[in-house]
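All remarks here apply to the structure that follows.
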Amino acid sequence: MEDRETIITISDVLEYLFCPRFIYYMYCLDIPQHEEQRFKVLKGREVHETRRMTNQEYVRKKLYCIRKERSVFIASRENHIKGIVDEVLFLEDGTAAPLEYKYAEFKDKVFKTYKFQLVLHGLMIKENYNIEVNRGYICYIRSNNLVKQIDFTPSDFMKGVEIVESVIDIIDKGEYPKTSRNLRKCIDCCYRNICV
Ligand code: SF4
């Protein structure tokens, strides 16, 4: 992807994973989402709660963390992506791991959006700190700050890069993405009146 100029954000990836057509409507047709759109409301609440509940000096000894950096802005030249990592944990075994706070309850499985957000954060940490990253953590604020570990495989990183490429393809080529219309998502989607 080195020869491309478009750089996307982690938020773009989350929107793409929610529905690929969001990217098309926002970037190719320049139709912004409404302020009240569900995703952004949730995101805002999440950030607010993260700030309120995070103890700045707290180091997660149970995760074998020896040092951490908070709210790290990070970008990848190689993979054309940028974003803010809630925490970069430096672990006893010499590796690093991203940790993300979610204003959510843990309900038996980790959502794909959460997983690939972490995977892409991991990719950027590897590139910027030149350190191995083989796992990440999600802290579920509404489940009493339950922390879940997600192990990364090489194919997770490859899949993460493919997702970024797909988002950039939509933006650069202006191709209208296929999507399986999902009633649950479409019903309160701000693009439902123009989406065919
Ligand atoms: S209406 Fe459905 S398919 Fe169309 S953009 Fe919204 S969520 Fe995606």
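FYI, nothing fancy with the structure tokens labels: chains A, B, ... in order, residues from 1 per chain, ligands from 1 as they appear.
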Exercise. Any idea what's packed within 9 Å of region 85-92 of chain A, counting only C-alpha atoms, ignoring anything in its chain fewer than 5 positions away? Could you give it as a VMD selection string?
Worked result: chain A and resid 50 59 to 60 63 to 74 97 to 101 118 121 125 136
Would you mind listing, for every residue of chain A within 8 Å of ligand 1, the two atoms forming the shortest contact and the distance between them in Å to one decimal, using only C-alpha atoms and all ligand atoms, sorted by chain and ascending residue number, as JSON lines?
```
{"residue": "A:Phe18", "atom": "CA", "partner": "ligand 1", "partner_atom_place_in_ligand_line": "7 (S)", "distance": 7.4}
{"residue": "A:Cys19", "atom": "CA", "partner": "ligand 1", "partner_atom_place_in_ligand_line": "8 (Fe)", "distance": 4.7}
{"residue": "A:Pro20", "atom": "CA", "partner": "ligand 1", "partner_atom_place_in_ligand_line": "8 (Fe)", "distance": 6.8}
{"residue": "A:Arg21", "atom": "CA", "partner": "ligand 1", "partner_atom_place_in_ligand_line": "5 (S)", "distance": 4.8}
{"residue": "A:Phe22", "atom": "CA", "partner": "ligand 1", "partner_atom_place_in_ligand_line": "5 (S)", "distance": 5.4}
{"residue": "A:Tyr25", "atom": "CA", "partner": "ligand 1", "partner_atom_place_in_ligand_line": "5 (S)", "distance": 7.7}
{"residue": "A:Thr179", "atom": "CA", "partner": "ligand 1", "partner_atom_place_in_ligand_line": "3 (S)", "distance": 5.8}
{"residue": "A:Ser180", "atom": "CA", "partner": "ligand 1", "partner_atom_place_in_ligand_line": "3 (S)", "distance": 6.7}
{"residue": "A:Arg181", "atom": "CA", "partner": "ligand 1", "partner_atom_place_in_ligand_line": "3 (S)", "distance": 4.5}
{"residue": "A:Asn182", "atom": "CA", "partner": "ligand 1", "partner_atom_place_in_ligand_line": "2 (Fe)", "distance": 5.9}
{"residue": "A:Leu183", "atom": "CA", "partner": "ligand 1", "partner_atom_place_in_ligand_line": "2 (Fe)", "distance": 7.0}
{"residue": "A:Lys185", "atom": "CA", "partner": "ligand 1", "partner_atom_place_in_ligand_line": "7 (S)", "distance": 4.9}
{"residue": "A:Cys186", "atom": "CA", "partner": "ligand 1", "partner_atom_place_in_ligand_line": "2 (Fe)", "distance": 3.6}
{"residue": "A:Ile187", "atom": "CA", "partner": "ligand 1", "partner_atom_place_in_ligand_line": "1 (S)", "distance": 7.0}
{"residue": "A:Asp188", "atom": "CA", "partner": "ligand 1", "partner_atom_place_in_ligand_line": "6 (Fe)", "distance": 7.8}
{"residue": "A:Cys189", "atom": "CA", "partner": "ligand 1", "partner_atom_place_in_ligand_line": "6 (Fe)", "distance": 4.6}
{"residue": "A:Cys190", "atom": "CA", "partner": "ligand 1", "partner_atom_place_in_ligand_line": "6 (Fe)", "distance": 6.6}
{"residue": "A:Tyr191", "atom": "CA", "partner": "ligand 1", "partner_atom_place_in_ligand_line": "6 (Fe)", "distance": 5.0}
{"residue": "A:Arg192", "atom": "CA", "partner": "ligand 1", "partner_atom_place_in_ligand_line": "1 (S)", "distance": 3.7}
{"residue": "A:Asn193", "atom": "CA", "partner": "ligand 1", "partner_atom_place_in_ligand_line": "1 (S)", "distance": 7.3}
{"residue": "A:Ile194", "atom": "CA", "partner": "ligand 1", "partner_atom_place_in_ligand_line": "4 (Fe)", "distance": 7.7}
{"residue": "A:Cys195", "atom": "CA", "partner": "ligand 1", "partner_atom_place_in_ligand_line": "4 (Fe)", "distance": 4.6}
{"residue": "A:Val196", "atom": "CA", "partner": "ligand 1", "partner_atom_place_in_ligand_line": "4 (Fe)", "distance": 6.9}
```
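The protein and nucleic acid residues lying at most 12 Å from Asn128 (chain A) are Val72, Phe73, Ile74, Ala75, Ser76, Arg77, Glu78, Asn79, Lys82, Val88, Ala96, His121, Gly122, Leu123, Met124, Ile125, Lys126, Asn130, Ile131, Glu132 and Val133 of chain A, with only C-alpha atoms considered and sequence neighbours fewer than 2 positions away removed.
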Problem set entry | Which of A:Cys139, A:Ile170, A:Val119, A:Leu14 sits closest to Phe152 (chain A) [using only C-alpha atoms] |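 Counting only C-alpha atoms, the residue closest to Phe152 (chain A) is A:Val119.
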Problem set entry | All residues 8 Å or closer to Gly174 (chain A), only C-alpha atoms, same chain fewer than 3 positions away omitted, as JSON, numbers by chain | {"A": [24, 28, 169, 170, 171]}
Exercise. Can you list, as an NGL selection string, every residue of chain A that DSSP puts in alpha helix (DSSP H)?
Worked result: :A and (10-18 or 21-23 or 38-53 or 112-129 or 154-173 or 183-186)
Exercise. By how many Å are CA of Lys109 (chain A) and CA of Gln33 (chain A) apart?
Worked result: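 Interatomic distance, CA of Lys109 (chain A) to CA of Gln33 (chain A): 28.5 Å.
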Exercise. Between CA of Ser166 (chain A) and CA of Leu17 (chain A), what is the spacing in Å?
Worked result: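 CA of Ser166 (chain A) lies 10.5 Å from CA of Leu17 (chain A).
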Exercise. Which residues, written as a list in words, have at least one atom at most 10 Å from Phe157 (chain A), with only C-alpha atoms counted and residues fewer than 2 positions away on the same chain left out?
Worked result: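 Residues meeting the cut-off are Phe116, Val119, Leu120, Gly122, Leu123, Asn134, Phe152, Thr153, Pro154, Ser155, Lys159, Gly160, Val161, Glu162 and Ile163 of chain A.
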Exercise. What does the distance from CA of Thr9 (chain A) to CA of Tyr176 (chain A) come to in Å, to one decimal?
Worked result: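 CA of Tyr176 (chain A) lies 19.8 Å from CA of Thr9 (chain A).
Nearest residue to Ile8 (chain A), choosing from A:Lys107, A:His34, A:Asn145, A:Val167 and counting only C-alpha atoms: A:Val167.
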For this session: Would you mind listing what lies within 9 Å of Ala104 (chain A) as JSON, numbers by chain, with only C-alpha atoms counted and same-chain residues fewer than 5 positions away left out?
Result: {"A": [46, 139, 140, 141, 142, 143]}
Problem set entry | Picked from chain A by DSSP as strand (DSSP E or B), as a count of residues only | 47
